[in-house]
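my_file_13.pdb (PDB, C-alpha atoms and all ligand atoms) appears below.
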ATOM      1  CA  MET A   1     118.641  86.616  98.898
ATOM      2  CA  PRO A   2     115.534  88.823  98.913
ATOM      3  CA  LEU A   3     112.692  87.878  96.562
ATOM      4  CA  PRO A   4     113.102  89.757  93.231
ATOM      5  CA  LYS A   5     110.243  92.225  92.977
ATOM      6  CA  ALA A   6     108.985  95.418  91.363
ATOM      7  CA  GLU A   7     107.928  98.428  93.399
ATOM      8  CA  LEU A   8     104.958 100.282  91.896
ATOM      9  CA  HIS A   9     103.817 102.667  94.633
ATOM     10  CA  LEU A  10     106.648 104.788  95.928
ATOM     11  CA  HIS A  11     106.717 108.569  96.375
ATOM     12  CA  ILE A  12     110.318 109.683  95.921
ATOM     13  CA  GLU A  13     109.753 112.571  98.362
ATOM     14  CA  GLY A  14     108.607 109.958 100.877
ATOM     15  CA  THR A  15     112.074 108.388 100.839
ATOM     16  CA  LEU A  16     113.652 111.491 102.382
ATOM     17  CA  GLU A  17     115.305 110.108 105.515
ATOM     18  CA  PRO A  18     115.892 112.522 108.432
ATOM     19  CA  GLU A  19     119.698 112.377 108.000
ATOM     20  CA  LEU A  20     119.492 113.413 104.335
ATOM     21  CA  ALA A  21     116.870 116.060 105.159
ATOM     22  CA  PHE A  22     119.252 117.711 107.628
ATOM     23  CA  ARG A  23     122.187 117.422 105.229
ATOM     24  CA  LEU A  24     120.223 119.096 102.405
ATOM     25  CA  ALA A  25     118.857 121.729 104.805
ATOM     26  CA  ALA A  26     122.425 122.675 105.771
ATOM     27  CA  ARG A  27     123.548 122.684 102.123
ATOM     28  CA  ASN A  28     120.674 124.987 101.100
ATOM     29  CA  GLY A  29     120.448 127.214 104.162
ATOM     30  CA  VAL A  30     116.979 125.942 105.087
ATOM     31  CA  VAL A  31     116.115 125.997 108.783
ATOM     32  CA  LEU A  32     114.029 123.021 109.886
ATOM     33  CA  PRO A  33     111.911 123.451 113.026
ATOM     34  CA  TYR A  34     113.472 120.373 114.686
ATOM     35  CA  ALA A  35     116.599 120.285 116.828
ATOM     36  CA  ASP A  36     117.989 117.099 115.272
ATOM     37  CA  THR A  37     117.083 113.848 113.520
ATOM     38  CA  GLU A  38     115.845 112.328 116.761
ATOM     39  CA  ALA A  39     113.458 115.222 117.431
ATOM     40  CA  LEU A  40     112.260 114.951 113.835
ATOM     41  CA  ARG A  41     111.625 111.198 114.153
ATOM     42  CA  GLU A  42     109.524 111.893 117.228
ATOM     43  CA  ALA A  43     107.142 113.858 114.979
ATOM     44  CA  TYR A  44     106.414 110.684 112.968
ATOM     45  CA  LEU A  45     103.245 109.860 114.869
ATOM     46  CA  PHE A  46     100.337 110.300 112.492
ATOM     47  CA  LYS A  47      96.619 110.215 113.165
ATOM     48  CA  ASP A  48      95.534 110.172 109.526
ATOM     49  CA  LEU A  49      96.682 110.952 105.983
ATOM     50  CA  GLN A  50      96.515 114.741 106.435
ATOM     51  CA  SER A  51      98.692 114.771 109.565
ATOM     52  CA  PHE A  52     101.342 112.871 107.588
ATOM     53  CA  LEU A  53     101.021 115.119 104.535
ATOM     54  CA  ASN A  54     101.652 118.219 106.676
ATOM     55  CA  LEU A  55     105.093 116.907 107.668
ATOM     56  CA  TYR A  56     105.797 115.436 104.204
ATOM     57  CA  TYR A  57     105.290 118.838 102.526
ATOM     58  CA  GLU A  58     107.231 120.669 105.252
ATOM     59  CA  LEU A  59     110.269 118.433 105.001
ATOM     60  CA  MET A  60     110.478 118.399 101.214
ATOM     61  CA  THR A  61     111.251 122.145 101.275
ATOM     62  CA  VAL A  62     114.934 121.123 101.653
ATOM     63  CA  LEU A  63     114.843 119.898  98.019
ATOM     64  CA  ARG A  64     116.033 122.790  95.856
ATOM     65  CA  THR A  65     118.631 121.809  93.262
ATOM     66  CA  GLU A  66     119.186 119.103  90.654
ATOM     67  CA  GLN A  67     121.848 117.694  92.941
ATOM     68  CA  ASP A  68     119.291 117.375  95.777
ATOM     69  CA  PHE A  69     116.861 115.402  93.620
ATOM     70  CA  GLU A  70     119.705 113.230  92.313
ATOM     71  CA  ASP A  71     120.957 112.485  95.844
ATOM     72  CA  LEU A  72     117.413 111.665  96.999
ATOM     73  CA  ALA A  73     116.826 109.238  94.130
ATOM     74  CA  ASN A  74     120.233 107.568  94.484
ATOM     75  CA  ALA A  75     119.638 106.973  98.188
ATOM     76  CA  TYR A  76     116.315 105.274  97.386
ATOM     77  CA  LEU A  77     117.778 103.163  94.564
ATOM     78  CA  ALA A  78     120.566 101.820  96.804
ATOM     79  CA  ARG A  79     118.090 100.831  99.534
ATOM     80  CA  ALA A  80     115.582  99.352  97.099
ATOM     81  CA  ALA A  81     118.217  97.291  95.265
ATOM     82  CA  ALA A  82     119.355  95.842  98.610
ATOM     83  CA  GLN A  83     115.740  94.766  99.224
ATOM     84  CA  GLY A  84     115.447  92.848  95.950
ATOM     85  CA  VAL A  85     113.767  95.554  93.847
ATOM     86  CA  ARG A  86     114.596  94.992  90.157
ATOM     87  CA  HIS A  87     112.168  97.550  88.769
ATOM     88  CA  ALA A  88     110.624 100.684  90.308
ATOM     89  CA  GLU A  89     107.854 102.956  89.033
ATOM     90  CA  ILE A  90     108.448 106.125  90.995
ATOM     91  CA  PHE A  91     105.987 108.916  91.809
ATOM     92  CA  PHE A  92     106.953 112.547  92.175
ATOM     93  CA  ASP A  93     104.869 115.589  93.165
ATOM     94  CA  PRO A  94     105.970 118.501  90.924
ATOM     95  CA  GLN A  95     103.330 120.979  92.170
ATOM     96  CA  ALA A  96     104.771 120.830  95.685
ATOM     97  CA  HIS A  97     108.149 121.965  94.328
ATOM     98  CA  ILE A  98     107.019 124.356  91.584
ATOM     99  CA  ALA A  99     104.945 126.249  94.207
ATOM    100  CA  ARG A 100     108.262 126.957  96.018
ATOM    101  CA  GLY A 101     109.947 128.216  92.865
ATOM    102  CA  VAL A 102     111.733 125.010  91.833
ATOM    103  CA  PRO A 103     111.330 124.596  88.048
ATOM    104  CA  MET A 104     109.971 121.376  86.504
ATOM    105  CA  ARG A 105     113.281 121.000  84.654
ATOM    106  CA  THR A 106     115.309 120.966  87.900
ATOM    107  CA  ILE A 107     113.066 118.257  89.386
ATOM    108  CA  VAL A 108     112.923 115.991  86.358
ATOM    109  CA  GLU A 109     116.549 116.360  85.283
ATOM    110  CA  GLY A 110     117.766 115.945  88.865
ATOM    111  CA  LEU A 111     115.798 112.709  89.293
ATOM    112  CA  TRP A 112     116.901 111.575  85.848
ATOM    113  CA  ARG A 113     120.596 111.967  86.725
ATOM    114  CA  ALA A 114     120.016 109.048  89.107
ATOM    115  CA  LEU A 115     117.264 107.112  87.291
ATOM    116  CA  GLY A 116     118.992 107.263  83.899
ATOM    117  CA  ARG A 117     121.854 105.256  85.457
ATOM    118  CA  SER A 118     119.824 102.916  87.668
ATOM    119  CA  THR A 119     120.532  99.848  85.550
ATOM    120  CA  GLU A 120     124.320 100.271  85.532
ATOM    121  CA  ASN A 121     124.573 101.490  89.140
ATOM    122  CA  HIS A 122     121.923  99.385  90.895
ATOM    123  CA  GLY A 123     120.776  96.641  88.501
ATOM    124  CA  MET A 124     117.297  98.181  88.463
ATOM    125  CA  SER A 125     115.096  99.574  85.726
ATOM    126  CA  THR A 126     113.008 102.605  86.618
ATOM    127  CA  ARG A 127     110.086 104.660  85.345
ATOM    128  CA  LEU A 128     108.821 108.066  86.443
ATOM    129  CA  ILE A 129     105.138 108.853  87.111
ATOM    130  CA  MET A 130     104.094 112.453  87.695
ATOM    131  CA  CYS A 131     101.324 112.892  90.276
ATOM    132  CA  PHE A 132      98.781 115.690  90.444
ATOM    133  CA  LEU A 133      97.883 116.948  93.918
ATOM    134  CA  ARG A 134      94.136 116.342  94.220
ATOM    135  CA  ASP A 135      93.696 119.054  96.872
ATOM    136  CA  GLU A 136      94.904 121.589  94.289
ATOM    137  CA  SER A 137      92.629 122.776  91.473
ATOM    138  CA  ALA A 138      91.972 121.039  88.170
ATOM    139  CA  ASP A 139      93.470 124.108  86.448
ATOM    140  CA  SER A 140      96.689 123.694  88.412
ATOM    141  CA  ALA A 141      96.859 120.052  87.247
ATOM    142  CA  LEU A 142      96.404 121.202  83.632
ATOM    143  CA  GLU A 143      99.204 123.774  84.030
ATOM    144  CA  THR A 144     101.428 121.068  85.498
ATOM    145  CA  LEU A 145     100.820 118.758  82.551
ATOM    146  CA  GLU A 146     101.660 121.677  80.255
ATOM    147  CA  ALA A 147     104.915 122.323  82.177
ATOM    148  CA  ALA A 148     105.812 118.637  81.830
ATOM    149  CA  ARG A 149     105.424 118.584  78.033
ATOM    150  CA  PRO A 150     109.109 119.254  77.256
ATOM    151  CA  HIS A 151     110.047 116.375  79.588
ATOM    152  CA  LEU A 152     107.703 113.643  78.427
ATOM    153  CA  ASP A 153     110.624 111.540  77.204
ATOM    154  CA  ARG A 154     111.380 111.055  80.920
ATOM    155  CA  ILE A 155     107.820 110.538  82.237
ATOM    156  CA  ILE A 156     105.694 107.492  81.418
ATOM    157  CA  GLY A 157     102.502 108.284  83.238
ATOM    158  CA  VAL A 158     100.356 110.374  85.536
ATOM    159  CA  GLY A 159      98.964 109.690  89.004
ATOM    160  CA  LEU A 160      96.777 111.407  91.579
ATOM    161  CA  ASP A 161      97.726 111.776  95.240
ATOM    162  CA  SER A 162      97.521 113.948  98.393
ATOM    163  CA  ALA A 163      94.382 114.504 100.539
ATOM    164  CA  GLU A 164      91.721 112.174  99.144
ATOM    165  CA  VAL A 165      88.413 112.816 100.918
ATOM    166  CA  GLY A 166      86.474 115.667  99.291
ATOM    167  CA  HIS A 167      88.594 115.510  96.122
ATOM    168  CA  PRO A 168      86.958 112.844  93.941
ATOM    169  CA  PRO A 169      88.597 111.612  90.733
ATOM    170  CA  ALA A 170      85.869 113.320  88.640
ATOM    171  CA  LYS A 171      87.600 116.667  89.314
ATOM    172  CA  PHE A 172      90.522 115.540  87.109
ATOM    173  CA  ARG A 173      88.663 114.051  84.159
ATOM    174  CA  GLU A 174      89.898 116.615  81.630
ATOM    175  CA  VAL A 175      93.578 116.450  82.568
ATOM    176  CA  TYR A 176      93.499 112.628  82.446
ATOM    177  CA  GLU A 177      91.934 112.791  78.985
ATOM    178  CA  MET A 178      94.759 115.068  77.871
ATOM    179  CA  ALA A 179      97.324 112.749  79.444
ATOM    180  CA  ALA A 180      95.829 109.799  77.551
ATOM    181  CA  ASP A 181      96.009 111.789  74.296
ATOM    182  CA  LEU A 182      99.710 112.367  75.017
ATOM    183  CA  GLY A 183     100.219 108.604  75.313
ATOM    184  CA  LEU A 184     100.755 108.639  79.080
ATOM    185  CA  ARG A 185      99.831 105.697  81.333
ATOM    186  CA  ARG A 186      97.251 106.452  84.042
ATOM    187  CA  VAL A 187      97.044 105.474  87.699
ATOM    188  CA  ALA A 188      95.392 107.163  90.714
ATOM    189  CA  HIS A 189      95.254 106.822  94.479
ATOM    190  CA  ALA A 190      91.701 105.778  95.365
ATOM    191  CA  GLY A 191      90.077 104.041  98.310
ATOM    192  CA  GLU A 192      92.888 104.797 100.775
ATOM    193  CA  GLU A 193      90.748 107.045 102.994
ATOM    194  CA  GLY A 194      88.108 107.772 100.357
ATOM    195  CA  PRO A 195      85.033 105.603  99.665
ATOM    196  CA  PRO A 196      84.812 102.684  97.196
ATOM    197  CA  ALA A 197      82.915 105.005  94.810
ATOM    198  CA  TYR A 198      86.200 106.885  94.218
ATOM    199  CA  ILE A 199      87.743 103.645  92.911
ATOM    200  CA  THR A 200      84.868 103.216  90.452
ATOM    201  CA  GLU A 201      85.224 106.852  89.358
ATOM    202  CA  ALA A 202      88.966 106.465  88.825
ATOM    203  CA  LEU A 203      88.284 103.487  86.553
ATOM    204  CA  ASP A 204      85.313 104.937  84.670
ATOM    205  CA  LEU A 205      86.163 108.635  84.439
ATOM    206  CA  LEU A 206      89.978 108.675  84.500
ATOM    207  CA  GLY A 207      90.619 105.386  82.704
ATOM    208  CA  VAL A 208      93.222 104.234  85.216
ATOM    209  CA  GLU A 209      95.016 100.964  84.515
ATOM    210  CA  ARG A 210      96.030 100.416  88.125
ATOM    211  CA  VAL A 211      94.587 101.618  91.443
ATOM    212  CA  ASP A 212      96.937 102.902  94.151
ATOM    213  CA  HIS A 213      95.846 101.492  97.536
ATOM    214  CA  GLY A 214      92.255 100.491  96.631
ATOM    215  CA  LEU A 215      91.980  99.166 100.170
ATOM    216  CA  ARG A 216      88.349 100.156 100.687
ATOM    217  CA  CYS A 217      87.127  98.136  97.675
ATOM    218  CA  MET A 218      86.498  95.398 100.232
ATOM    219  CA  GLU A 219      83.401  97.304 101.394
ATOM    220  CA  ASP A 220      81.726  96.753  98.001
ATOM    221  CA  PRO A 221      81.447  93.122  96.793
ATOM    222  CA  ASP A 222      80.327  94.182  93.290
ATOM    223  CA  LEU A 223      83.423  96.358  92.957
ATOM    224  CA  VAL A 224      85.658  93.497  94.139
ATOM    225  CA  ALA A 225      84.064  91.240  91.518
ATOM    226  CA  ARG A 226      84.730  93.849  88.847
ATOM    227  CA  LEU A 227      88.380  94.364  89.877
ATOM    228  CA  VAL A 228      88.910  90.602  89.785
ATOM    229  CA  ARG A 229      87.154  90.201  86.417
ATOM    230  CA  GLU A 230      89.038  93.075  84.794
ATOM    231  CA  ARG A 231      92.372  92.097  86.402
ATOM    232  CA  ILE A 232      92.910  95.630  87.725
ATOM    233  CA  PRO A 233      96.065  95.686  89.867
ATOM    234  CA  LEU A 234      96.006  97.260  93.325
ATOM    235  CA  THR A 235      99.199  98.720  94.800
ATOM    236  CA  LEU A 236      98.783  98.095  98.515
ATOM    237  CA  CYS A 237     101.037  99.642 101.158
ATOM    238  CA  PRO A 238     100.495  97.748 104.426
ATOM    239  CA  LEU A 239     102.882  99.605 106.776
ATOM    240  CA  SER A 240     101.533 102.905 105.442
ATOM    241  CA  ASN A 241      97.961 101.769 106.203
ATOM    242  CA  VAL A 242      98.893 101.069 109.823
ATOM    243  CA  ARG A 243     100.845 104.325 110.325
ATOM    244  CA  LEU A 244      98.049 106.417 108.765
ATOM    245  CA  ARG A 245      95.407 104.478 110.719
ATOM    246  CA  ALA A 246      93.538 103.101 107.699
ATOM    247  CA  VAL A 247      93.790  99.792 109.600
ATOM    248  CA  ASP A 248      94.264  99.461 113.363
ATOM    249  CA  VAL A 249      96.944  96.775 113.366
ATOM    250  CA  LEU A 250      98.680  94.793 110.643
ATOM    251  CA  ALA A 251      97.006  91.553 111.759
ATOM    252  CA  GLU A 252      93.699  93.131 110.659
ATOM    253  CA  HIS A 253      94.966  94.170 107.224
ATOM    254  CA  PRO A 254      92.679  92.752 104.482
ATOM    255  CA  LEU A 255      95.587  91.754 102.179
ATOM    256  CA  ARG A 256      95.179  88.027 102.751
ATOM    257  CA  ALA A 257      91.406  88.197 102.191
ATOM    258  CA  MET A 258      92.057  90.267  99.074
ATOM    259  CA  LEU A 259      94.438  87.660  97.656
ATOM    260  CA  GLU A 260      91.960  84.919  98.486
ATOM    261  CA  ALA A 261      89.207  86.894  96.714
ATOM    262  CA  GLY A 262      91.347  86.733  93.555
ATOM    263  CA  LEU A 263      92.421  90.405  93.478
ATOM    264  CA  LEU A 264      95.684  91.242  91.737
ATOM    265  CA  CYS A 265      97.449  92.649  94.820
ATOM    266  CA  THR A 266     100.955  94.046  95.028
ATOM    267  CA  VAL A 267     102.881  95.149  98.124
ATOM    268  CA  ASN A 268     104.756  98.463  98.174
ATOM    269  CA  SER A 269     106.269 100.955 100.614
ATOM    270  CA  ASP A 270     104.529 104.300  99.733
ATOM    271  CA  ASP A 271     106.687 106.671 101.863
ATOM    272  CA  PRO A 272     109.221 104.350 103.478
ATOM    273  CA  ALA A 273     111.222 107.012 105.332
ATOM    274  CA  TYR A 274     108.066 107.877 107.283
ATOM    275  CA  PHE A 275     106.341 104.527 107.707
ATOM    276  CA  GLY A 276     109.038 102.317 109.185
ATOM    277  CA  GLY A 277     110.086 100.168 106.275
ATOM    278  CA  TYR A 278     111.098  99.743 102.654
ATOM    279  CA  VAL A 279     109.409  97.227 100.374
ATOM    280  CA  ALA A 280     110.947  93.971 101.645
ATOM    281  CA  ASP A 281     110.130  95.130 105.184
ATOM    282  CA  ASN A 282     106.482  95.400 104.053
ATOM    283  CA  TYR A 283     106.611  91.871 102.572
ATOM    284  CA  HIS A 284     108.085  90.441 105.784
ATOM    285  CA  ALA A 285     105.659  92.332 108.015
ATOM    286  CA  VAL A 286     102.556  91.020 106.199
ATOM    287  CA  ARG A 287     103.993  87.497 106.034
ATOM    288  CA  ASP A 288     104.469  87.487 109.811
ATOM    289  CA  ALA A 289     101.239  89.312 110.760
ATOM    290  CA  LEU A 290      98.926  87.493 108.343
ATOM    291  CA  GLY A 291     100.669  84.135 108.126
ATOM    292  CA  LEU A 292     101.085  84.301 104.354
ATOM    293  CA  THR A 293     102.396  81.135 102.732
ATOM    294  CA  LYS A 294     105.581  80.954 100.640
ATOM    295  CA  GLU A 295     103.349  80.585  97.587
ATOM    296  CA  GLN A 296     101.402  83.740  98.498
ATOM    297  CA  MET A 297     104.705  85.624  98.892
ATOM    298  CA  ARG A 298     105.777  84.439  95.453
ATOM    299  CA  GLU A 299     102.359  85.436  94.082
ATOM    300  CA  LEU A 300     102.874  88.982  95.409
ATOM    301  CA  ALA A 301     106.277  89.218  93.733
ATOM    302  CA  ARG A 302     104.918  87.778  90.475
ATOM    303  CA  ASN A 303     101.998  90.211  90.573
ATOM    304  CA  SER A 304     104.395  93.141  90.968
ATOM    305  CA  PHE A 305     105.964  92.437  87.569
ATOM    306  CA  ARG A 306     102.611  91.627  85.949
ATOM    307  CA  ALA A 307     101.128  94.889  87.191
ATOM    308  CA  SER A 308     104.135  96.943  86.070
ATOM    309  CA  PHE A 309     104.382  99.008  82.904
ATOM    310  CA  LEU A 310     107.391  96.976  81.733
ATOM    311  CA  GLU A 311     107.065  95.598  78.233
ATOM    312  CA  ASP A 312     107.239  91.783  78.092
ATOM    313  CA  ASP A 313     110.755  91.766  76.668
ATOM    314  CA  GLU A 314     112.004  94.052  79.450
ATOM    315  CA  ASP A 315     111.048  91.778  82.325
ATOM    316  CA  LEU A 316     114.014  91.780  84.715
ATOM    317  CA  ARG A 317     112.954  88.899  86.977
ATOM    318  CA  SER A 318     115.473  86.470  85.594
ATOM    319  CA  ARG A 319     118.506  88.772  85.734
TER     320      ARG A 319
HETATM  321  N1  LIG A 401     101.454 111.436  99.020
HETATM  322  C1  LIG A 401     102.471 110.754  99.559
HETATM  323  N2  LIG A 401     102.007 109.655 100.167
HETATM  324  C2  LIG A 401     100.674 109.619  99.989
HETATM  325  C3  LIG A 401      99.640 108.729 100.357
HETATM  326  N3  LIG A 401      99.845 107.619 101.064
HETATM  327  N4  LIG A 401      98.373 109.040  99.997
HETATM  328  C4  LIG A 401      98.118 110.156  99.306
HETATM  329  N5  LIG A 401      99.054 111.011  98.935
HETATM  330  C5  LIG A 401     100.328 110.757  99.268
HETATM  331 ZN    ZN A 402     100.859 106.815  97.927
END

Target format structure tokens, applied to this file:
Amino acid sequence: MPLPKAELHLHIEGTLEPELAFRLAARNGVVLPYADTEALREAYLFKDLQSFLNLYYELMTVLRTEQDFEDLANAYLARAAAQGVRHAEIFFDPQAHIARGVPMRTIVEGLWRALGRSTENHGMSTRLIMCFLRDESADSALETLEAARPHLDRIIGVGLDSAEVGHPPAKFREVYEMAADLGLRRVAHAGEEGPPAYITEALDLLGVERVDHGLRCMEDPDLVARLVRERIPLTLCPLSNVRLRAVDVLAEHPLRAMLEAGLLCTVNSDDPAYFGGYVADNYHAVRDALGLTKEQMRELARNSFRASFLEDDEDLRSR
């Protein structure tokens, strides 16, 4: 039986498998510039974050209706449940859909048709985190938060994703302040491709409770000491880091050193349809490449629940 775990860094649009992409394209009359799923898979060779994002945004244009978002989320939930996921905190990128004319309501209600039934259908609890695209303007982020207001009963927090370098957290200070005033939880991608200073900014200027990736903290010993002292969780995504060339090979991934430094690390899949594995595949890959002990594997699973936004009485580990 797979280790029970929570998944805290998962972009729902990044779970769009080629087969579903072609099915939705046919349903919606969208023409994809690939002959078939095999030709599409051949495009999954990335040289950095941006080269991945180009394909990620292109492919998500097949998502148009509530039914599409529901089908996407149900496909993820079934795969995640089979990999031992008992709780998932799921990112979505509304700006990428709203820019194509898909209303916020369609996105949120479509996802909710699946997530609202995740406990009965898949034995999993779920939460939804809305991400701002950091390569869009601060004003666009503010408009997006405004558009989300009628749906805040479905959304527990905000995040920050897309192209990192050149788009420091400071740009989004105001919208994060507004999110905090609305009672939303705060996370942000930082230190994936961007420098350790972006991690510090995310903590100090955006008030994030958790850092997504945070990989490059290892370049700054004072920052590592702070993250350890303040028990700030990091949501690492090892297979993603290899595919996007943040690390050369998995055997050189700093996860083991990070655990040994006392960091509160979790392992997640990021965009599993693109990076060659769902969350248990990430656990197994780091175990094999880094020689993690059984106790370190259990620590990762324990950390995933500790770092989650579940209330204590909602903890699903023992179910
Ligand atoms: N959007 C989807 N996946 C992402 C990643 N790994 N980094 C930044 N933005 C993303
Ligand atoms: Zn991510």

Listed atoms of stretch 160-167 of chain A boxed axis-aligned with 4 Å per side, centre + edges as JSON:
{"center_x": 92.1, "center_y": 113.5, "center_z": 96.2, "size_x": 19.3, "size_y": 12.3, "size_z": 17.3}

Any residue with an atom at most 7 Å from ligand LIG 401 (chain A) counts, using all atoms listed in the file. Which are they? Put them as a CSV table (one decimal) with C-alpha atoms, keeping the file's coordinate frame.
chain,number,residue,atom,x,y,z
A,11,HIS,CA,106.7,108.6,96.4
A,14,GLY,CA,108.6,110.0,100.9
A,49,LEU,CA,96.7,111.0,106.0
A,53,LEU,CA,101.0,115.1,104.5
A,161,ASP,CA,97.7,111.8,95.2
A,162,SER,CA,97.5,113.9,98.4
A,163,ALA,CA,94.4,114.5,100.5
A,164,GLU,CA,91.7,112.2,99.1
A,189,HIS,CA,95.3,106.8,94.5
A,192,GLU,CA,92.9,104.8,100.8
A,240,SER,CA,101.5,102.9,105.4
A,270,ASP,CA,104.5,104.3,99.7
A,271,ASP,CA,106.7,106.7,101.9

Next on the checklist: Once the PyMOL selection byres (((chain A and resi 247) around 12) and not hetatm) has been evaluated on this model, what residues remain selected, and can you format them as a ChimeraX atom specification?
Outcome noted: /A:47-48,192-193,215-216,237-246,248-255

Next on the checklist: For the provided coordinates, the residues matched by the PyMOL selection byres (((chain A and resi 180) around 12) and not hetatm) should be stated as a PyMOL selection string.
Outcome noted: chain A and resi 145+156-159+173-179+181-187+205-209

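One distance worth recording is that between atom CA of A:Phe309 and atom CA of A:Pro150, which is 21.5 Å.
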
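Distance annotation: of A:Cys131, A:Ala75, A:Met60, A:Ala285, the residue with the minimal separation from ligand ZN 402 (chain A) is A:Cys131; atom set is only C-alpha atoms and all ligand atoms.
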
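With all atoms listed in the file as the atoms that count, the minimum distance from A:Pro2 to the choices A:Ala88, A:Ala81, A:Leu152, A:Val286 is reached by A:Ala81.
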
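For the set A:Leu59, A:Ala273, A:Ala289, A:Leu236, the residue with the smallest atom-to-atom gap to ligand ZN 402 (chain A) is A:Leu236, counting only C-alpha atoms and all ligand atoms.
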
Checklist entry - Quick one, how far is atom CA of A:Ala301 from atom CA of A:His284? => result 12.2 Å

Item to check | Evaluate the PyMOL selection byres (((chain A and resi 223) around 12) and not hetatm) and report residues as a PyMOL selection string | outcome: chain A and resi 191+195-201+203+214-222+224-232+261+263

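We find atom CA of A:Ala35 and atom CA of A:Ser51 to be spaced 20.1 Å apart.
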
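When all atoms listed in the file are used to measure the gap to A:Tyr56, the shortest distance among A:Glu17, A:His122, A:Leu111, A:Pro169 belongs to A:Glu17.
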
Next on the checklist: My list of candidates is A:Arg256, A:His213, A:His87, A:Arg287. Which is closest to ligand ZN 402 (chain A) when distances are computed with all atoms listed in the file?
Outcome noted: A:His213

Next on the checklist: Report as a PyMOL selection string all protein, DNA and RNA residues lying within 12 Å of A:Arg23, evaluated on all atoms listed in the file, omitting residues in the same chain fewer than 3 positions from it.
Outcome noted: chain A and resi 16-20+26-32+36-37+59+62-63+68+71-72

Next on the checklist: Under the rule that all atoms listed in the file are counted, which of A:Thr106, A:Asn268, A:Gln95, A:Asn54 is the nearest residue to ligand ZN 402 (chain A)?
Outcome noted: A:Asn268

Item to check | Selection near stretch 302-305 of chain A, 7 Å with only C-alpha atoms, sequence-local residues under 3 positions removed, as a VMD selection string | outcome: chain A and resid 5 to 7 264 to 266 298 to 299 308
